[in-house]
file coords25.csv (CSV, C-alpha atoms and all ligand atoms)
chain,number,residue,atom,x,y,z
A,100,MET,CA,91.3,-35.0,-67.8
A,101,LEU,CA,90.8,-34.3,-64.2
A,102,THR,CA,88.6,-31.3,-64.9
A,103,ILE,CA,86.5,-33.5,-67.2
A,104,ILE,CA,86.0,-36.1,-64.5
A,105,LEU,CA,85.1,-33.4,-61.9
A,106,LYS,CA,82.6,-31.9,-64.3
A,107,LEU,CA,81.1,-35.4,-65.0
A,108,LEU,CA,80.7,-36.0,-61.3
A,109,LEU,CA,78.9,-32.7,-60.9
A,110,ILE,CA,76.6,-33.4,-63.8
A,111,PHE,CA,75.6,-37.0,-63.2
A,112,LEU,CA,76.2,-37.9,-59.6
A,113,PRO,CA,73.5,-35.9,-58.0
A,114,SER,CA,70.8,-37.8,-59.9
A,115,SER,CA,72.4,-41.2,-59.2
A,116,LEU,CA,72.6,-40.3,-55.5
A,117,GLN,CA,68.9,-39.6,-55.1
A,118,SER,CA,68.6,-43.2,-53.9
A,119,ASP,CA,65.1,-43.2,-52.4
A,120,ALA,CA,62.9,-41.6,-55.1
A,121,ASP,CA,65.2,-42.5,-58.0
A,122,SER,CA,66.3,-46.1,-57.6
A,123,PRO,CA,65.0,-48.7,-60.0
A,124,VAL,CA,61.7,-50.4,-59.1
A,125,LEU,CA,62.7,-53.8,-57.8
A,126,ASP,CA,62.2,-57.1,-59.5
A,127,GLN,CA,62.0,-55.7,-62.9
A,128,ASP,CA,61.3,-58.5,-65.4
A,129,LYS,CA,62.8,-57.4,-68.7
A,130,PHE,CA,62.3,-58.3,-72.3
A,131,GLU,CA,65.7,-58.3,-74.2
A,132,VAL,CA,66.2,-57.5,-77.8
A,133,ASP,CA,69.0,-55.9,-79.9
A,134,ASN,CA,71.1,-54.8,-76.9
A,135,LYS,CA,68.0,-53.2,-75.2
A,136,THR,CA,66.3,-54.3,-72.0
A,137,ILE,CA,62.7,-53.3,-71.7
A,138,PRO,CA,60.1,-53.9,-69.0
A,139,TRP,CA,57.4,-56.3,-70.3
A,140,GLU,CA,54.6,-53.9,-69.6
A,141,ILE,CA,55.8,-51.5,-72.3
A,142,LYS,CA,57.6,-53.9,-74.6
A,143,ASP,CA,55.3,-53.4,-77.6
A,144,VAL,CA,55.3,-49.6,-77.4
A,145,VAL,CA,59.1,-49.4,-77.1
A,146,VAL,CA,59.7,-51.8,-79.9
A,147,GLU,CA,57.2,-49.8,-82.1
A,148,ALA,CA,59.1,-46.5,-81.3
A,149,LEU,CA,62.5,-48.1,-81.8
A,150,ALA,CA,61.4,-49.1,-85.3
A,151,TYR,CA,61.6,-45.4,-86.3
A,152,PHE,CA,65.3,-45.2,-85.3
A,153,PRO,CA,67.3,-47.6,-87.5
A,154,GLU,CA,70.5,-45.7,-86.4
A,155,LEU,CA,69.9,-46.9,-82.8
A,156,ALA,CA,70.2,-50.6,-83.9
A,157,GLY,CA,72.7,-52.4,-81.6
A,158,VAL,CA,73.1,-49.4,-79.3
A,159,ARG,CA,72.9,-50.4,-75.7
A,160,ILE,CA,69.8,-48.9,-74.1
A,161,ASP,CA,68.2,-50.0,-70.8
A,162,PHE,CA,64.6,-48.9,-70.2
A,163,GLU,CA,64.1,-48.8,-66.5
A,164,PHE,CA,61.0,-48.1,-64.3
A,165,ARG,CA,61.3,-45.5,-61.5
A,166,ASP,CA,58.8,-44.6,-58.8
A,167,ARG,CA,59.5,-41.0,-59.4
A,168,ILE,CA,61.8,-38.8,-61.5
A,169,LYS,CA,62.4,-35.2,-60.4
A,170,GLY,CA,60.6,-32.8,-62.7
A,171,ALA,CA,60.0,-35.3,-65.5
A,172,VAL,CA,58.1,-38.4,-66.5
A,173,MET,CA,60.9,-39.9,-68.6
A,174,GLN,CA,64.6,-39.1,-68.8
A,175,ALA,CA,67.3,-40.3,-71.2
A,176,GLN,CA,70.9,-40.4,-70.0
A,177,PRO,CA,74.3,-41.7,-71.1
A,178,ARG,CA,75.9,-44.1,-68.6
A,179,VAL,CA,78.7,-42.1,-66.9
A,180,LEU,CA,81.4,-44.8,-67.1
A,181,THR,CA,80.9,-45.5,-70.7
A,182,LEU,CA,81.1,-41.7,-71.4
A,183,LEU,CA,84.6,-41.8,-69.8
A,184,VAL,CA,86.0,-45.1,-70.8
A,185,THR,CA,84.5,-46.2,-74.1
A,186,GLY,CA,84.4,-44.4,-77.4
A,187,LYS,CA,81.5,-42.5,-78.8
A,188,GLU,CA,80.4,-45.6,-80.8
A,189,ASN,CA,80.1,-47.8,-77.7
A,190,ARG,CA,78.5,-45.5,-75.3
A,191,GLU,CA,75.6,-47.0,-73.3
A,192,TYR,CA,72.4,-45.2,-72.4
A,193,ARG,CA,69.4,-45.6,-70.2
A,194,ILE,CA,65.9,-44.2,-70.3
A,195,LYS,CA,64.2,-43.8,-66.9
A,196,ILE,CA,60.4,-44.1,-67.0
A,197,THR,CA,58.0,-43.2,-64.2
A,198,ARG,CA,56.1,-46.4,-63.3
A,199,GLU,CA,52.8,-44.7,-62.6
A,200,LEU,CA,51.6,-41.1,-63.4
A,201,ASP,CA,50.1,-39.2,-60.5
A,202,LEU,CA,47.2,-37.3,-62.0
A,203,GLY,CA,45.8,-35.9,-58.8
A,204,ASP,CA,42.7,-38.1,-58.3
A,205,THR,CA,43.9,-41.0,-60.4
A,206,ILE,CA,47.0,-43.0,-60.7
A,207,LEU,CA,47.7,-44.0,-64.2
A,208,PRO,CA,50.2,-46.9,-64.8
A,209,ILE,CA,52.4,-45.7,-67.7
A,210,GLU,CA,51.2,-48.5,-70.0
A,211,LYS,CA,47.7,-47.1,-69.8
A,212,VAL,CA,48.7,-43.8,-71.4
A,213,PRO,CA,47.0,-43.6,-74.9
A,214,HIS,CA,49.0,-45.7,-77.3
A,215,ASP,CA,50.3,-43.1,-79.8
A,216,ALA,CA,51.1,-40.6,-77.0
A,217,LEU,CA,53.2,-43.2,-75.2
A,218,VAL,CA,55.0,-44.2,-78.5
A,219,GLY,CA,55.7,-40.5,-79.0
A,220,TRP,CA,56.9,-40.0,-75.5
A,221,ILE,CA,59.4,-42.9,-75.9
A,222,GLY,CA,60.3,-41.4,-79.4
A,223,HIS,CA,61.2,-38.1,-77.8
A,224,GLU,CA,63.6,-39.8,-75.4
A,225,LEU,CA,65.1,-41.8,-78.3
A,226,GLY,CA,65.5,-38.4,-80.0
A,227,HIS,CA,67.7,-37.3,-77.0
A,228,ILE,CA,69.8,-40.4,-77.5
A,229,MET,CA,70.3,-39.6,-81.2
A,230,ASP,CA,71.4,-36.1,-80.1
A,231,TYR,CA,73.8,-37.5,-77.4
A,232,LYS,CA,75.2,-40.0,-79.9
A,233,GLU,CA,76.4,-37.2,-82.2
A,234,ARG,CA,78.2,-35.4,-79.4
A,235,SER,CA,81.9,-35.9,-78.4
A,236,THR,CA,82.5,-36.5,-74.7
A,237,ALA,CA,83.9,-33.0,-74.1
A,238,ASN,CA,80.9,-31.6,-75.8
A,239,MET,CA,78.6,-33.7,-73.7
A,240,MET,CA,80.3,-32.3,-70.5
A,241,HIS,CA,79.8,-28.7,-71.5
A,242,PHE,CA,76.3,-29.4,-72.8
A,243,GLY,CA,75.4,-31.2,-69.6
A,244,MET,CA,76.6,-28.3,-67.4
A,245,ARG,CA,74.7,-25.8,-69.4
A,246,TYR,CA,71.6,-28.0,-69.6
A,247,ILE,CA,71.4,-27.9,-65.8
A,248,MET,CA,72.1,-24.2,-65.6
A,249,SER,CA,70.1,-22.6,-68.3
A,250,ASN,CA,66.6,-22.7,-69.6
A,251,LYS,CA,67.8,-21.8,-73.0
A,252,ARG,CA,69.9,-25.0,-73.2
A,253,LEU,CA,67.1,-27.0,-71.9
A,254,THR,CA,64.9,-25.6,-74.7
A,255,GLU,CA,67.6,-26.4,-77.3
A,256,ALA,CA,67.9,-30.0,-76.1
A,257,GLU,CA,64.2,-30.5,-76.1
A,258,ILE,CA,63.9,-29.1,-79.6
A,259,ALA,CA,66.7,-31.3,-80.8
A,260,ALA,CA,65.0,-34.4,-79.4
A,261,ASP,CA,61.6,-33.6,-81.0
A,262,THR,CA,63.3,-32.7,-84.2
A,263,TYR,CA,65.1,-36.0,-84.4
A,264,ALA,CA,61.9,-37.9,-83.6
A,265,ILE,CA,59.9,-35.9,-86.2
A,266,SER,CA,62.5,-36.3,-88.9
A,267,CYS,CA,62.4,-40.1,-88.2
A,268,GLY,CA,58.7,-40.0,-89.1
A,269,MET,CA,57.1,-39.6,-85.7
A,270,GLY,CA,55.4,-36.2,-86.2
A,271,HIS,CA,52.0,-37.6,-85.4
A,272,GLN,CA,53.1,-39.3,-82.2
A,273,ILE,CA,55.1,-36.3,-81.0
A,274,MET,CA,52.1,-34.1,-81.5
A,275,THR,CA,49.9,-36.6,-79.7
A,276,VAL,CA,52.0,-36.8,-76.6
A,277,LYS,CA,52.3,-33.0,-76.5
A,278,ASN,CA,48.6,-32.6,-76.6
A,279,PHE,CA,48.2,-35.4,-74.1
A,280,ILE,CA,50.4,-33.5,-71.6
A,281,LEU,CA,49.0,-30.0,-72.3
A,282,ASN,CA,45.3,-31.2,-72.0
A,283,GLN,CA,45.7,-33.5,-69.1
A,284,GLU,CA,44.7,-31.5,-66.1
A,285,GLY,CA,45.9,-34.0,-63.6
A,286,PHE,CA,49.5,-33.1,-64.2
A,287,SER,CA,50.9,-30.6,-61.8
A,288,GLU,CA,50.8,-27.0,-63.1
A,289,GLU,CA,54.5,-26.8,-62.6
A,290,TYR,CA,55.1,-29.7,-65.0
A,291,ARG,CA,52.6,-28.4,-67.6
A,292,SER,CA,54.1,-24.9,-67.6
A,293,LYS,CA,57.6,-26.4,-68.0
A,294,ILE,CA,56.3,-28.2,-71.1
A,295,ARG,CA,54.5,-25.1,-72.3
A,296,ASP,CA,57.5,-22.8,-71.8
A,297,LEU,CA,60.5,-24.8,-72.7
A,298,TYR,CA,59.4,-27.4,-75.2
A,299,MET,CA,58.1,-27.1,-78.8
A,300,SER,CA,54.5,-26.1,-79.1
A,301,PRO,CA,52.0,-28.1,-81.1
A,302,GLY,CA,52.1,-25.3,-83.8
A,303,GLN,CA,55.9,-25.4,-84.0
A,304,ILE,CA,55.8,-29.2,-84.3
A,305,LEU,CA,53.3,-29.0,-87.1
A,306,SER,CA,55.3,-26.5,-89.1
A,307,LEU,CA,58.6,-28.4,-88.5
A,308,GLN,CA,56.8,-31.6,-89.7
A,309,GLU,CA,55.5,-29.8,-92.8
A,310,GLU,CA,58.9,-28.3,-93.5
A,311,LEU,CA,60.6,-31.7,-93.2
A,312,GLU,CA,58.0,-33.4,-95.4
A,313,ASN,CA,58.4,-30.7,-98.1
A,314,SER,CA,62.2,-31.0,-98.0
A,315,ASP,CA,61.9,-34.7,-98.7
A,316,GLY,CA,60.5,-33.6,-102.1
B,401,ZN,ZN,63.2,-34.3,-73.4
call {"tool": "encode", "arguments": {"input": "coords25.csv", "output": "structure tokens"}}
result
Amino acid sequence: MLTIILKLLLIFLPSSLQSDADSPVLDQDKFEVDNKTIPWEIKDVVVEALAYFPELAGVRIDFEFRDRIKGAVMQAQPRVLTLLVTGKENREYRIKITRELDLGDTILPIEKVPHDALVGWIGHELGHIMDYKERSTANMMHFGMRYIMSNKRLTEAEIAADTYAISCGMGHQIMTVKNFILNQEGFSEEYRSKIRDLYMSPGQILSLQEELENSDG
């Protein structure tokens, strides 16, 4: 048990200690529905994305704005205490969302991202939660460690998230957000090359989508 706790601290504490850049934007006014809290600005998109994931009904998820998230625009995480204390069924999650995208010469509030791309972006994060939901706590620990340390695990996690979202019927939106990121020159080259190298490509998304549609009969 002690080793598990130590591993947990290693995995999740660094991000919760980045207090300046990574603390919630203050005075967040939230819409509440079905055990979810959602900033009003993105309520409609989030509710639209959630509709694709009936298995997440009742699951506690807090959507929180951040000024900045290291190396990402959005990030889905289990809440550490619920990982340790509660069972798999009662785990709680949060999805951190960058309040405004810095596109070099423009600042784009997240709600101004084209509709389908934003729905797909949220869908991808919900795909991560579907993936986390299936994992035991011990498995989460090991997975978390490897996620941090290896690009291969990062790729696997991102493929899993996209696959969940696509199999829930979000192929179009996942494709839209991928193209949005890859074609949006304002994003830093570092971020775009991460998306290019470690995430599914538009071509892979399309073939997965076709395969899933065919297997539905
Ligand atoms: Zn992801």
call {"tool": "closest_residue", "arguments": {"input": "coords25.csv", "among": "A:Pro213, A:Gly226, A:Ala259, A:Leu311", "to": "Phe279 of chain A", "atoms": "only C-alpha atoms"}}
result
A:Pro213
call {"tool": "residues_around", "arguments": {"input": "coords25.csv", "residues": "Glu199 of chain A", "least_positions_apart": "6", "cutoff": "10 Å", "atoms": "all atoms listed in the file", "output": "number ranges by chain"}}
result
A: 164-167, 172, 205-212
call {"tool": "residues_around", "arguments": {"input": "coords25.csv", "residues": "segment 284-288 of chain A", "least_positions_apart": "4", "cutoff": "9 Å", "atoms": "only C-alpha atoms", "output": "PyMOL selection string"}}
result
chain A and resi 200-205+280+292-293
call {"tool": "write_last_selection", "arguments": {"input": "coords25.csv", "atoms": "C-alpha atoms", "output": "PDB file, keeping the file's coordinate frame"}}
result
ATOM      1  CA  LEU A 200      51.600 -41.100 -63.400  1.00  0.00           C
ATOM      2  CA  ASP A 201      50.100 -39.200 -60.500  1.00  0.00           C
ATOM      3  CA  LEU A 202      47.200 -37.300 -62.000  1.00  0.00           C
ATOM      4  CA  GLY A 203      45.800 -35.900 -58.800  1.00  0.00           C
ATOM      5  CA  ASP A 204      42.700 -38.100 -58.300  1.00  0.00           C
ATOM      6  CA  THR A 205      43.900 -41.000 -60.400  1.00  0.00           C
ATOM      7  CA  ILE A 280      50.400 -33.500 -71.600  1.00  0.00           C
ATOM      8  CA  SER A 292      54.100 -24.900 -67.600  1.00  0.00           C
ATOM      9  CA  LYS A 293      57.600 -26.400 -68.000  1.00  0.00           C
TER      10      LYS A 293
END
call {"tool": "closest_residue", "arguments": {"input": "coords25.csv", "among": "A:Arg252, A:Leu307, A:Tyr290, A:Glu257", "to": "Ile168 of chain A", "atoms": "all atoms listed in the file"}}
result
A:Tyr290
call {"tool": "closest_residue", "arguments": {"input": "coords25.csv", "among": "A:Lys277, A:Glu312, A:Arg193, A:Gln272", "to": "Arg295 of chain A", "atoms": "all atoms listed in the file"}}
result
A:Lys277
call {"tool": "atom_distance", "arguments": {"input": "coords25.csv", "atom1": "atom CA of Ile160 of chain A", "atom2": "atom CA of Phe130 of chain A"}}
result
12.2 Å
call {"tool": "closest_residue", "arguments": {"input": "coords25.csv", "among": "A:Ser235, A:Thr185, A:Thr136, A:Gln174", "to": "ligand ZN 401 (chain B)", "atoms": "only C-alpha atoms and all ligand atoms"}}
result
A:Gln174
call {"tool": "residues_near_ligand", "arguments": {"input": "coords25.csv", "ligand": "ligand ZN 401 (chain B)", "cutoff": "7 Å", "atoms": "all atoms listed in the file", "output": "PyMOL selection string"}}
result
chain A and resi 174+223-224+227+256-257+260
call {"tool": "atom_distance", "arguments": {"input": "coords25.csv", "atom1": "atom CA of Ser266 of chain A", "atom2": "atom CA of Glu154 of chain A"}}
result
12.6 Å
call {"tool": "residues_around", "arguments": {"input": "coords25.csv", "residues": "Tyr151 of chain A", "least_positions_apart": "3", "cutoff": "12 Å", "atoms": "only C-alpha atoms", "output": "CSV table (one decimal) with C-alpha atoms, keeping the file's coordinate frame"}}
result
chain,number,residue,atom,x,y,z
A,144,VAL,CA,55.3,-49.6,-77.4
A,145,VAL,CA,59.1,-49.4,-77.1
A,146,VAL,CA,59.7,-51.8,-79.9
A,147,GLU,CA,57.2,-49.8,-82.1
A,148,ALA,CA,59.1,-46.5,-81.3
A,154,GLU,CA,70.5,-45.7,-86.4
A,155,LEU,CA,69.9,-46.9,-82.8
A,156,ALA,CA,70.2,-50.6,-83.9
A,218,VAL,CA,55.0,-44.2,-78.5
A,219,GLY,CA,55.7,-40.5,-79.0
A,221,ILE,CA,59.4,-42.9,-75.9
A,222,GLY,CA,60.3,-41.4,-79.4
A,223,HIS,CA,61.2,-38.1,-77.8
A,225,LEU,CA,65.1,-41.8,-78.3
A,226,GLY,CA,65.5,-38.4,-80.0
A,229,MET,CA,70.3,-39.6,-81.2
A,263,TYR,CA,65.1,-36.0,-84.4
A,264,ALA,CA,61.9,-37.9,-83.6
A,265,ILE,CA,59.9,-35.9,-86.2
A,266,SER,CA,62.5,-36.3,-88.9
A,267,CYS,CA,62.4,-40.1,-88.2
A,268,GLY,CA,58.7,-40.0,-89.1
A,269,MET,CA,57.1,-39.6,-85.7
A,270,GLY,CA,55.4,-36.2,-86.2
A,272,GLN,CA,53.1,-39.3,-82.2
call {"tool": "atom_distance", "arguments": {"input": "coords25.csv", "atom1": "atom CA of Ile304 of chain A", "atom2": "atom CA of Arg291 of chain A"}}
result
17.0 Å
call {"tool": "closest_residue", "arguments": {"input": "coords25.csv", "among": "A:Lys169, A:Lys129, A:His271, A:Lys187", "to": "Ala237 of chain A", "atoms": "all atoms listed in the file"}}
result
A:Lys187
call {"tool": "closest_residue", "arguments": {"input": "coords25.csv", "among": "A:Tyr231, A:Met274, A:Glu310, A:Tyr298", "to": "Lys251 of chain A", "atoms": "only C-alpha atoms"}}
result
A:Tyr298
call {"tool": "residues_around", "arguments": {"input": "coords25.csv", "residues": "Tyr192 of chain A", "least_positions_apart": "4", "cutoff": "7 Å", "atoms": "all atoms listed in the file", "output": "list in words"}}
result
Arg159, Ile160, Asp161, Gln176, Pro177 and Arg178 of chain A
call {"tool": "decode", "arguments": {"input": "coords25.csv", "residues": "segment 200-237 of chain A", "atoms": "N, CA and C atoms", "output": "compact mmCIF listing (two decimals), in the first residue's frame"}}
result
# COMPACT_ATOMS: atom_id res chain seq x y z
N LEU A 200 -6.71 30.22 -26.07
CA LEU A 200 -5.60 29.68 -26.84
C LEU A 200 -4.71 30.82 -27.33
N ASP A 201 -3.42 30.66 -27.12
CA ASP A 201 -2.47 31.66 -27.60
C ASP A 201 -2.00 31.24 -28.99
N LEU A 202 -2.51 31.92 -30.01
CA LEU A 202 -2.19 31.54 -31.39
C LEU A 202 -1.20 32.52 -32.00
N GLY A 203 -0.22 32.93 -31.22
CA GLY A 203 0.77 33.85 -31.75
C GLY A 203 0.23 35.26 -31.80
N ASP A 204 -0.36 35.66 -32.94
CA ASP A 204 -0.85 37.04 -32.99
C ASP A 204 -2.31 37.18 -32.55
N THR A 205 -2.98 36.09 -32.28
CA THR A 205 -4.34 36.20 -31.74
C THR A 205 -4.49 35.38 -30.47
N ILE A 206 -5.40 35.85 -29.63
CA ILE A 206 -5.80 35.09 -28.46
C ILE A 206 -7.23 34.63 -28.73
N LEU A 207 -7.43 33.33 -28.71
CA LEU A 207 -8.76 32.79 -29.04
C LEU A 207 -9.39 32.17 -27.79
N PRO A 208 -10.44 32.81 -27.26
CA PRO A 208 -11.13 32.18 -26.12
C PRO A 208 -11.61 30.79 -26.56
N ILE A 209 -11.54 29.83 -25.67
CA ILE A 209 -11.79 28.44 -26.06
C ILE A 209 -13.16 28.27 -26.72
N GLU A 210 -14.16 29.05 -26.26
CA GLU A 210 -15.50 28.88 -26.82
C GLU A 210 -15.60 29.37 -28.27
N LYS A 211 -14.53 30.05 -28.76
CA LYS A 211 -14.54 30.53 -30.15
C LYS A 211 -13.90 29.50 -31.10
N VAL A 212 -13.39 28.41 -30.57
CA VAL A 212 -12.90 27.33 -31.43
C VAL A 212 -14.10 26.81 -32.23
N PRO A 213 -13.91 26.52 -33.55
CA PRO A 213 -15.05 26.04 -34.35
C PRO A 213 -15.81 24.90 -33.63
N HIS A 214 -17.12 24.98 -33.73
CA HIS A 214 -18.00 24.13 -32.93
C HIS A 214 -17.63 22.64 -32.93
N ASP A 215 -17.56 22.02 -34.11
CA ASP A 215 -17.33 20.57 -34.16
C ASP A 215 -15.94 20.22 -33.63
N ALA A 216 -14.96 21.09 -33.86
CA ALA A 216 -13.62 20.83 -33.35
C ALA A 216 -13.64 20.83 -31.82
N LEU A 217 -14.37 21.78 -31.24
CA LEU A 217 -14.42 21.86 -29.77
C LEU A 217 -15.17 20.66 -29.19
N VAL A 218 -16.26 20.27 -29.83
CA VAL A 218 -17.00 19.08 -29.37
C VAL A 218 -16.07 17.85 -29.44
N GLY A 219 -15.29 17.76 -30.53
CA GLY A 219 -14.37 16.64 -30.68
C GLY A 219 -13.26 16.66 -29.64
N TRP A 220 -12.81 17.85 -29.31
CA TRP A 220 -11.73 18.01 -28.33
C TRP A 220 -12.21 17.50 -26.96
N ILE A 221 -13.42 17.95 -26.57
CA ILE A 221 -14.01 17.48 -25.32
C ILE A 221 -14.23 15.96 -25.40
N GLY A 222 -14.67 15.50 -26.58
CA GLY A 222 -14.92 14.07 -26.76
C GLY A 222 -13.66 13.25 -26.55
N HIS A 223 -12.54 13.76 -27.03
CA HIS A 223 -11.26 13.07 -26.84
C HIS A 223 -10.94 12.94 -25.34
N GLU A 224 -11.16 14.01 -24.58
CA GLU A 224 -10.91 13.96 -23.13
C GLU A 224 -11.87 12.99 -22.45
N LEU A 225 -13.12 12.97 -22.90
CA LEU A 225 -14.08 12.00 -22.33
C LEU A 225 -13.64 10.58 -22.68
N GLY A 226 -13.00 10.42 -23.84
CA GLY A 226 -12.44 9.12 -24.21
C GLY A 226 -11.37 8.68 -23.22
N HIS A 227 -10.54 9.63 -22.74
CA HIS A 227 -9.55 9.29 -21.71
C HIS A 227 -10.26 8.80 -20.44
N ILE A 228 -11.36 9.45 -20.08
CA ILE A 228 -12.05 9.05 -18.85
C ILE A 228 -12.67 7.65 -19.01
N MET A 229 -13.19 7.35 -20.20
CA MET A 229 -13.69 5.99 -20.48
C MET A 229 -12.57 4.98 -20.26
N ASP A 230 -11.38 5.32 -20.72
CA ASP A 230 -10.21 4.45 -20.59
C ASP A 230 -9.82 4.30 -19.11
N TYR A 231 -9.76 5.42 -18.38
CA TYR A 231 -9.42 5.38 -16.95
C TYR A 231 -10.44 4.55 -16.17
N LYS A 232 -11.69 4.72 -16.55
CA LYS A 232 -12.80 4.08 -15.84
C LYS A 232 -12.64 2.55 -15.83
N GLU A 233 -12.04 2.02 -16.89
CA GLU A 233 -11.90 0.57 -17.00
C GLU A 233 -10.69 0.04 -16.23
N ARG A 234 -9.81 0.92 -15.82
CA ARG A 234 -8.56 0.45 -15.20
C ARG A 234 -8.68 0.32 -13.68
N SER A 235 -8.04 -0.71 -13.12
CA SER A 235 -7.98 -0.84 -11.67
C SER A 235 -7.02 0.22 -11.14
N THR A 236 -7.06 0.47 -9.82
CA THR A 236 -6.18 1.48 -9.25
C THR A 236 -4.71 1.12 -9.46
N ALA A 237 -4.35 -0.15 -9.23
CA ALA A 237 -2.95 -0.56 -9.42
C ALA A 237 -2.53 -0.35 -10.88
